[in-house]
file query.tsv (TSV, C-alpha atoms)
chain	number	residue	atom	x	y	z
B	1	MET	CA	18.06	54.85	-28.88
B	2	ASP	CA	20.30	55.81	-31.83
B	3	PRO	CA	20.63	53.47	-34.85
B	4	THR	CA	24.18	52.43	-33.93
B	5	THR	CA	23.23	51.30	-30.43
B	6	ALA	CA	20.19	49.50	-31.79
B	7	SER	CA	22.33	47.65	-34.31
B	8	ILE	CA	24.77	46.57	-31.58
B	9	CYS	CA	21.92	45.28	-29.39
B	10	ILE	CA	20.41	43.36	-32.29
B	11	GLY	CA	23.78	41.85	-33.10
B	12	LEU	CA	24.49	40.85	-29.50
B	13	ALA	CA	21.05	39.33	-28.86
B	14	PRO	CA	21.76	35.97	-30.57
B	15	ALA	CA	25.13	35.71	-28.83
B	16	LEU	CA	23.50	36.48	-25.46
B	17	ALA	CA	20.78	33.90	-26.06
B	18	LEU	CA	23.39	31.31	-27.04
B	19	GLY	CA	25.38	32.06	-23.89
B	20	ILE	CA	22.32	31.65	-21.67
B	21	TRP	CA	21.42	28.36	-23.39
B	22	LEU	CA	24.94	26.99	-22.97
B	23	GLY	CA	25.01	28.05	-19.33
B	24	ASN	CA	21.70	26.38	-18.59
B	25	ARG	CA	22.83	23.25	-20.37
B	26	ARG	CA	26.05	23.16	-18.35
B	27	ASN	CA	24.14	23.64	-15.09
B	28	SER	CA	21.58	20.99	-15.93
B	29	ALA	CA	24.36	18.59	-16.86
B	30	SER	CA	26.01	19.11	-13.49
B	31	PHE	CA	22.77	18.11	-11.75
B	32	ARG	CA	21.98	15.24	-14.09
B	33	PRO	CA	21.19	12.07	-12.11
B	34	ALA	CA	23.55	9.14	-12.28
B	35	PRO	CA	22.88	6.69	-15.11
B	36	LEU	CA	20.63	3.76	-14.34
B	37	PRO	CA	22.09	0.25	-14.12
B	38	PRO	CA	22.12	-1.87	-17.28
B	39	GLY	CA	19.09	-3.90	-18.19
B	40	PRO	CA	16.72	-4.96	-20.95
B	41	LYS	CA	15.51	-2.25	-23.29
B	42	GLY	CA	11.84	-3.13	-23.21
B	43	LEU	CA	8.98	-1.79	-25.29
B	44	PRO	CA	7.33	1.65	-25.24
B	45	ILE	CA	4.86	2.13	-22.35
B	46	VAL	CA	4.87	-1.52	-21.19
B	47	GLY	CA	8.65	-1.73	-20.83
B	48	SER	CA	9.84	-5.22	-19.92
B	49	THR	CA	6.53	-6.25	-18.37
B	50	PHE	CA	5.85	-9.11	-20.72
B	51	SER	CA	9.43	-10.35	-20.58
B	52	ILE	CA	9.01	-11.27	-16.92
B	53	ASP	CA	7.75	-14.75	-16.10
B	54	SER	CA	4.51	-13.96	-14.25
B	55	THR	CA	4.44	-17.35	-12.49
B	56	ASN	CA	8.06	-17.27	-11.35
B	57	PRO	CA	9.73	-13.89	-11.95
B	58	GLY	CA	12.83	-15.07	-10.11
B	59	TRP	CA	13.90	-17.14	-13.10
B	60	THR	CA	13.76	-14.04	-15.30
B	61	PHE	CA	15.84	-12.08	-12.81
B	62	ILE	CA	18.46	-14.85	-12.73
B	63	GLU	CA	18.74	-14.74	-16.52
B	64	TRP	CA	19.11	-10.96	-16.43
B	65	GLU	CA	21.78	-11.23	-13.76
B	66	GLN	CA	23.87	-13.44	-16.03
B	67	GLU	CA	23.52	-10.92	-18.85
B	68	TYR	CA	23.52	-7.53	-17.09
B	69	GLY	CA	25.03	-8.07	-13.63
B	70	GLU	CA	23.86	-8.13	-10.01
B	71	ILE	CA	22.02	-4.79	-10.23
B	72	VAL	CA	19.54	-4.64	-13.10
B	73	HIS	CA	17.22	-1.88	-14.25
B	74	CYS	CA	14.00	-2.47	-16.14
B	75	GLN	CA	10.78	-0.64	-16.81
B	76	TYR	CA	7.47	-2.07	-15.66
B	77	PHE	CA	4.56	-0.27	-17.29
B	78	GLY	CA	6.44	3.02	-17.26
B	79	ARG	CA	7.91	2.62	-13.77
B	80	ASP	CA	11.65	2.28	-13.22
B	81	VAL	CA	12.44	-0.89	-11.28
B	82	ILE	CA	15.82	-1.79	-9.79
B	83	ILE	CA	16.40	-5.50	-9.22
B	84	LEU	CA	19.03	-6.59	-6.70
B	85	ASN	CA	20.30	-10.06	-7.52
B	86	SER	CA	22.80	-10.19	-4.66
B	87	LYS	CA	22.10	-10.84	-0.99
B	88	HIS	CA	25.20	-8.86	-0.06
B	89	ILE	CA	24.11	-5.81	-2.07
B	90	ALA	CA	20.54	-6.05	-0.78
B	91	GLU	CA	21.71	-6.10	2.84
B	92	ASP	CA	24.12	-3.24	2.23
B	93	LEU	CA	21.51	-0.97	0.63
B	94	LEU	CA	18.29	-1.96	2.38
B	95	GLU	CA	19.62	-2.64	5.89
B	96	ARG	CA	22.87	-0.78	6.47
B	97	ARG	CA	21.67	2.23	4.48
B	98	SER	CA	17.96	1.77	5.02
B	99	ARG	CA	17.35	5.45	5.76
B	100	ILE	CA	18.33	6.23	2.18
B	101	TYR	CA	17.10	3.28	0.16
B	102	SER	CA	14.54	1.32	2.18
B	103	ASP	CA	10.93	2.42	1.88
B	104	ARG	CA	7.56	1.28	0.63
B	105	ALA	CA	6.64	1.25	-3.03
B	106	GLY	CA	4.89	4.40	-4.17
B	107	TYR	CA	1.12	3.96	-4.39
B	108	SER	CA	0.16	7.59	-4.95
B	109	ALA	CA	-1.82	6.60	-8.04
B	110	LEU	CA	-4.13	4.58	-5.78
B	111	ALA	CA	-4.90	7.41	-3.35
B	112	SER	CA	-8.24	8.06	-5.05
B	113	TYR	CA	-9.24	4.43	-4.35
B	114	GLY	CA	-9.15	5.05	-0.62
B	115	ILE	CA	-6.86	2.11	0.16
B	116	LEU	CA	-3.92	4.03	1.61
B	117	PHE	CA	-5.28	3.27	5.08
B	118	ASP	CA	-3.42	-0.04	4.91
B	119	THR	CA	-0.24	-0.17	6.96
B	120	ALA	CA	1.60	-1.90	4.12
B	121	MET	CA	0.94	1.12	1.89
B	122	ILE	CA	2.23	3.78	4.27
B	123	PRO	CA	5.78	5.08	3.69
B	124	TYR	CA	8.15	5.09	6.64
B	125	GLY	CA	7.52	8.09	8.86
B	126	ASP	CA	5.57	9.28	11.90
B	127	GLU	CA	2.30	7.71	10.78
B	128	TRP	CA	3.93	4.35	10.08
B	129	ARG	CA	5.61	4.43	13.51
B	130	THR	CA	2.25	5.20	15.12
B	131	HIS	CA	0.74	2.17	13.40
B	132	ARG	CA	3.59	0.00	14.64
B	133	LYS	CA	3.13	1.27	18.19
B	134	LEU	CA	-0.58	0.42	18.13
B	135	TYR	CA	0.01	-3.06	16.72
B	136	LYS	CA	2.70	-3.69	19.30
B	137	GLN	CA	0.25	-3.00	22.11
B	138	ILE	CA	-2.66	-5.12	20.91
B	139	MET	CA	-0.63	-7.99	19.40
B	140	ARG	CA	2.38	-8.19	21.69
B	141	GLN	CA	3.33	-11.59	23.04
B	142	THR	CA	2.19	-10.87	26.59
B	143	ALA	CA	-1.28	-9.88	25.33
B	144	VAL	CA	-1.90	-13.10	23.41
B	145	PRO	CA	-2.86	-15.25	26.45
B	146	THR	CA	-5.72	-12.85	27.21
B	147	TYR	CA	-7.28	-13.80	23.87
B	148	HIS	CA	-7.17	-17.58	24.38
B	149	THR	CA	-10.65	-17.87	25.88
B	150	ALA	CA	-12.25	-15.90	23.05
B	151	PHE	CA	-10.30	-17.83	20.42
B	152	ALA	CA	-11.41	-21.15	21.94
B	153	SER	CA	-15.02	-19.98	21.97
B	154	ASN	CA	-14.79	-18.96	18.31
B	155	ALA	CA	-13.25	-22.34	17.45
B	156	CYS	CA	-16.17	-24.14	19.11
B	157	LYS	CA	-18.61	-21.97	17.18
B	158	LEU	CA	-16.76	-22.77	13.95
B	159	VAL	CA	-17.05	-26.52	14.57
B	160	SER	CA	-20.74	-26.13	15.36
B	161	ASP	CA	-21.37	-24.09	12.20
B	162	LEU	CA	-19.46	-26.54	10.01
B	163	THR	CA	-21.42	-29.44	11.45
B	164	ALA	CA	-24.77	-27.73	10.89
B	165	LEU	CA	-24.11	-26.25	7.43
B	166	PRO	CA	-20.96	-27.78	5.91
B	167	ASP	CA	-21.69	-26.37	2.45
B	168	ARG	CA	-21.26	-22.83	3.76
B	169	TYR	CA	-17.74	-23.41	5.04
B	170	PRO	CA	-16.25	-20.29	3.31
B	171	SER	CA	-18.58	-17.97	5.24
B	172	HIS	CA	-17.98	-19.94	8.44
B	173	LEU	CA	-14.22	-19.49	8.09
B	174	ASP	CA	-14.66	-15.77	7.42
B	175	SER	CA	-16.86	-15.46	10.49
B	176	TYR	CA	-14.29	-17.32	12.59
B	177	SER	CA	-11.45	-15.06	11.45
B	178	ALA	CA	-13.53	-11.94	11.97
B	179	GLY	CA	-14.51	-13.07	15.46
B	180	ASN	CA	-10.88	-13.42	16.47
B	181	ILE	CA	-9.92	-10.05	15.00
B	182	MET	CA	-12.93	-8.40	16.64
B	183	HIS	CA	-11.77	-9.55	20.04
B	184	VAL	CA	-8.20	-8.39	19.46
B	185	VAL	CA	-9.21	-4.99	18.11
B	186	CYS	CA	-12.44	-4.26	19.97
B	187	GLY	CA	-11.82	-6.26	23.12
B	188	GLN	CA	-15.05	-8.25	22.99
B	189	GLU	CA	-17.58	-9.95	20.74
B	190	ILE	CA	-19.72	-7.79	18.44
B	191	GLU	CA	-23.37	-8.60	17.83
B	192	ASP	CA	-23.46	-7.49	14.18
B	193	ARG	CA	-20.73	-9.90	13.14
B	194	ASP	CA	-22.36	-11.02	9.88
B	195	GLU	CA	-22.84	-7.43	8.70
B	196	VAL	CA	-19.22	-6.58	9.41
B	197	VAL	CA	-17.95	-9.81	7.84
B	198	GLY	CA	-19.81	-9.12	4.61
B	199	LEU	CA	-18.49	-5.58	4.39
B	200	VAL	CA	-14.93	-6.59	5.23
B	201	ALA	CA	-15.02	-9.47	2.74
B	202	ARG	CA	-16.05	-7.15	-0.10
B	203	THR	CA	-13.38	-4.65	0.89
B	204	ALA	CA	-10.69	-7.33	1.11
B	205	GLU	CA	-11.63	-8.76	-2.28
B	206	ARG	CA	-11.45	-5.35	-3.92
B	207	PHE	CA	-8.26	-4.48	-2.05
B	208	VAL	CA	-6.48	-7.56	-3.42
B	209	ARG	CA	-7.58	-6.73	-6.95
B	210	ILE	CA	-6.58	-3.07	-6.77
B	211	THR	CA	-3.14	-3.70	-5.31
B	212	ALA	CA	-2.21	-6.31	-7.91
B	213	ASP	CA	0.89	-5.30	-9.86
B	214	ARG	CA	-0.85	-5.23	-13.23
B	215	PHE	CA	-3.70	-3.09	-11.87
B	216	VAL	CA	-1.33	-0.55	-10.28
B	217	ALA	CA	0.85	-0.40	-13.38
B	218	THR	CA	-2.14	0.08	-15.67
B	219	VAL	CA	-3.53	2.94	-13.57
B	220	ASN	CA	-0.10	4.56	-13.45
B	221	VAL	CA	0.11	4.58	-17.24
B	222	PHE	CA	-3.57	5.34	-17.93
B	223	PRO	CA	-4.86	7.36	-14.95
B	224	PHE	CA	-8.05	8.30	-16.80
B	225	LEU	CA	-9.28	4.73	-16.21
B	226	LYS	CA	-10.09	5.72	-12.62
B	227	TYR	CA	-12.98	7.82	-13.87
B	228	ILE	CA	-14.70	5.23	-16.08
B	229	PRO	CA	-18.18	4.54	-14.63
B	230	SER	CA	-18.44	1.11	-13.06
B	231	TRP	CA	-21.27	0.12	-15.41
B	232	LEU	CA	-19.14	0.62	-18.54
B	233	PRO	CA	-16.50	-1.74	-19.96
B	234	GLY	CA	-13.34	-1.09	-17.96
B	235	GLY	CA	-15.41	-0.10	-14.94
B	236	ILE	CA	-13.31	-2.34	-12.72
B	237	PHE	CA	-10.85	0.56	-12.58
B	238	ASN	CA	-13.45	2.96	-11.17
B	239	ALA	CA	-12.03	4.65	-8.08
B	240	LEU	CA	-15.15	6.21	-6.58
B	241	ASP	CA	-16.83	2.88	-5.78
B	242	SER	CA	-13.74	1.67	-3.94
B	243	MET	CA	-13.41	4.93	-2.04
B	244	LYS	CA	-17.04	4.72	-0.85
B	245	LEU	CA	-16.69	1.07	0.18
B	246	ASN	CA	-13.50	1.68	2.17
B	247	GLU	CA	-14.90	4.77	3.85
B	248	SER	CA	-18.05	2.85	4.78
B	249	LEU	CA	-15.99	0.10	6.40
B	250	GLY	CA	-13.91	2.65	8.29
B	251	ARG	CA	-17.03	4.33	9.68
B	252	VAL	CA	-18.60	1.03	10.74
B	253	LEU	CA	-15.47	-0.16	12.53
B	254	HIS	CA	-15.00	3.22	14.21
B	255	ARG	CA	-18.61	3.11	15.43
B	256	LEU	CA	-18.22	-0.43	16.76
B	257	LEU	CA	-14.99	0.47	18.50
B	258	SER	CA	-16.56	3.54	20.10
B	259	GLN	CA	-19.31	1.37	21.61
B	260	GLN	CA	-16.83	-0.69	23.62
B	261	ASP	CA	-15.57	-0.15	27.16
B	262	ALA	CA	-12.56	2.16	27.12
B	263	ASP	CA	-11.12	0.63	30.30
B	264	GLY	CA	-10.42	-2.68	28.62
B	265	ASN	CA	-9.62	-1.46	25.14
B	266	PHE	CA	-6.25	0.08	24.31
B	267	LEU	CA	-7.28	1.49	20.93
B	268	LEU	CA	-10.39	3.17	22.32
B	269	ARG	CA	-8.34	4.70	25.12
B	270	GLN	CA	-6.05	6.19	22.48
B	271	LEU	CA	-9.04	7.74	20.72
B	272	LYS	CA	-10.32	9.33	23.92
B	273	GLU	CA	-6.96	10.41	25.31
B	274	HIS	CA	-5.73	11.99	22.06
B	275	VAL	CA	-8.88	13.65	20.75
B	276	GLU	CA	-7.03	16.58	19.18
B	277	GLU	CA	-4.21	14.57	17.60
B	278	ASP	CA	-5.24	13.83	14.03
B	279	ILE	CA	-2.47	11.30	13.47
B	280	ILE	CA	-3.66	9.18	16.43
B	281	GLN	CA	-7.32	9.39	15.44
B	282	ARG	CA	-6.57	8.45	11.85
B	283	SER	CA	-4.08	5.73	12.77
B	284	VAL	CA	-6.46	3.98	15.19
B	285	LYS	CA	-9.15	3.80	12.52
B	286	ASP	CA	-6.66	2.65	9.89
B	287	VAL	CA	-5.15	-0.02	12.16
B	288	CYS	CA	-8.64	-1.39	12.86
B	289	THR	CA	-9.49	-1.49	9.16
B	290	THR	CA	-6.15	-3.03	8.20
B	291	SER	CA	-6.51	-5.71	10.87
B	292	PHE	CA	-9.95	-6.75	9.68
B	293	VAL	CA	-9.02	-6.76	5.99
B	294	ALA	CA	-5.84	-8.73	6.68
B	295	GLY	CA	-7.74	-11.17	8.87
B	296	LEU	CA	-10.14	-12.05	6.07
B	297	ASP	CA	-7.67	-11.83	3.20

call {"tool": "encode", "arguments": {"input": "query.tsv", "output": "C-alpha cells"}}
result
Amino acid sequence: MDPTTASICIGLAPALALGIWLGNRRNSASFRPAPLPPGPKGLPIVGSTFSIDSTNPGWTFIEWEQEYGEIVHCQYFGRDVIILNSKHIAEDLLERRSRIYSDRAGYSALASYGILFDTAMIPYGDEWRTHRKLYKQIMRQTAVPTYHTAFASNACKLVSDLTALPDRYPSHLDSYSAGNIMHVVCGQEIEDRDEVVGLVARTAERFVRITADRFVATVNVFPFLKYIPSWLPGGIFNALDSMKLNESLGRVLHRLLSQQDADGNFLLRQLKEHVEEDIIQRSVKDVCTTSFVAGLD
C-alpha cells in the first residue's frame, strides 16, 4: 500500500468508527423499550422495599396512586414491579389481554431449591394445562361424593386422637389433612401415614419460608447465598438441602402411588398409560406433591 492510500485510510478510520457508532445508537434507540410508568425512586438495590407497609401494602399503593396515578412502577429488591390501582385497568390487561400480560411471577432464582414442582410456580403453558387437567379429574364436583366415606372415617379418627392425646392436636390435625389428601390422590389409605406426614410437614414449612417475598427478593439480588452451607450463618438460604428434601418427598409419594390399584386410581392410570410422555410422568408426580404440601400448609 502506497503512503497516500495509507494516509487516506488512517484519516477515514475515525470517521468510519463514528458512523458505525451513530448507526448502532440509532438502531438501539429504535428498539428501546417504552418508558416505565411513574413511581417512587427508591434506594439502590433494595428499591422501594422498605417504603411498602409490610402489614398492609394496599395502603401504600393507595398513597402512590394519589401521587403517581393508577399504574405505578417501583423496584422491589432489584425487580421491576407494576402496580395496577384500577379494577378497570386490571381487567383490561389481565383478562381481556391475558395472553400478553397474565402469567405467573418468575421464580427462576428458586429453581435450585427444587420447589418448581408446585402448580402455583409453573408459568402458563402445556405443563400448567396438564396439571389443571389432572386436578380437574381427581377434584371435580362429581368425584367428591366418592370421598365422603373416607373423610368421615378420618374425622372419627381425629376425634379419637384428640380425646386420647389432646396436647398433640397439631400432629392430629396434620394427620387428618394428610389422610384426606391421601385418599384423593392415592385412592385409599396408606399404612405409613406418620412417615409421610412428617416429611410433608417439613417440606411445607420450608416451602413457605422459601417462597416468602423477602426470601425470593434476597436470593434474586444475592444469588451466592444459595451456596452457603446450612451450618454457617445465613445457611437458611442453602439450596441443596431444600432440593434433597423435595426430591425425597417426590420419590416417596411416587412409590406410594405406584403401590395402589391402577383400576381405581386416575393418576396411576396416567402413569401407566403414558409411560413415554415425560410431561405426564412429571406432572403426575408434581400434582401429588403439590396436593400434599397444600393440604398440610

call {"tool": "atom_distance", "arguments": {"input": "query.tsv", "atom1": "CA of Ser248 (chain B)", "atom2": "CA of Ser230 (chain B)"}}
result
17.9 Å

call {"tool": "closest_residue", "arguments": {"input": "query.tsv", "among": "B:Leu165, B:Ile83, B:Val252, B:Ala294", "to": "Ala201 (chain B)", "atoms": "only C-alpha atoms"}}
result
B:Ala294

call {"tool": "atom_distance", "arguments": {"input": "query.tsv", "atom1": "CA of Phe266 (chain B)", "atom2": "CA of Glu205 (chain B)"}}
result
28.5 Å

call {"tool": "closest_atom_pairs", "arguments": {"input": "query.tsv", "of": "region 153-206 of chain B", "to": "region 267-278 of chain B", "cutoff": "12 Å", "atoms": "all atoms listed in the file", "output": "tab-separated table"}}
result
residue	atom	partner	partner_atom	distance
B:His183	CA	B:Leu267	CA	12.0
B:Val184	CA	B:Leu267	CA	10.0
B:Val185	CA	B:Leu267	CA	7.3
B:Cys186	CA	B:Leu267	CA	7.8
B:Gly187	CA	B:Leu267	CA	9.2

call {"tool": "closest_residue", "arguments": {"input": "query.tsv", "among": "B:Arg251, B:Arg104, B:Lys226, B:Arg96", "to": "Ala239 (chain B)", "atoms": "all atoms listed in the file"}}
result
B:Lys226

call {"tool": "residues_around", "arguments": {"input": "query.tsv", "residues": "Ser86 (chain B)", "least_positions_apart": "4", "cutoff": "12 Å", "atoms": "only C-alpha atoms", "output": "number ranges by chain"}}
result
B: 61-62, 65-66, 69-72, 90-94

call {"tool": "closest_residue", "arguments": {"input": "query.tsv", "among": "B:Arg99, B:Asn56, B:Phe237, B:Pro145", "to": "Arg214 (chain B)", "atoms": "all atoms listed in the file"}}
result
B:Phe237

call {"tool": "residues_around", "arguments": {"input": "query.tsv", "residues": "Asp194 (chain B)", "least_positions_apart": "5", "cutoff": "10 Å", "atoms": "all atoms listed in the file", "output": "list in words"}}
result
Ser171, Asp174, Ser175, Ala178, Gly179, Leu199 and Val200 of chain B

call {"tool": "closest_residue", "arguments": {"input": "query.tsv", "among": "B:Asp213, B:Asp53, B:Asp118, B:Asp103", "to": "Phe77 (chain B)", "atoms": "all atoms listed in the file"}}
result
B:Asp213

call {"tool": "residues_near_point", "arguments": {"input": "query.tsv", "point": "(-14.7, -14.0, 21.8)", "cutoff": "8 Å", "atoms": "all atoms listed in the file", "output": "PyMOL selection string"}}
result
chain B and resi 147+149-154+179-180+182-183+188-189

call {"tool": "atom_distance", "arguments": {"input": "query.tsv", "atom1": "CA of Ser177 (chain B)", "atom2": "CA of Arg129 (chain B)"}}
result
26.0 Å

call {"tool": "residues_around", "arguments": {"input": "query.tsv", "residues": "region 131-139 of chain B", "least_positions_apart": "2", "cutoff": "7 Å", "atoms": "all atoms listed in the file", "output": "PyMOL selection string"}}
result
chain B and resi 119+127-129+141+143-144+184+283+287

call {"tool": "residues_around", "arguments": {"input": "query.tsv", "residues": "Thr60 (chain B)", "least_positions_apart": "3", "cutoff": "12 Å", "atoms": "all atoms listed in the file", "output": "PyMOL selection string"}}
result
chain B and resi 39-40+48-57+63-68+72+74+83+85
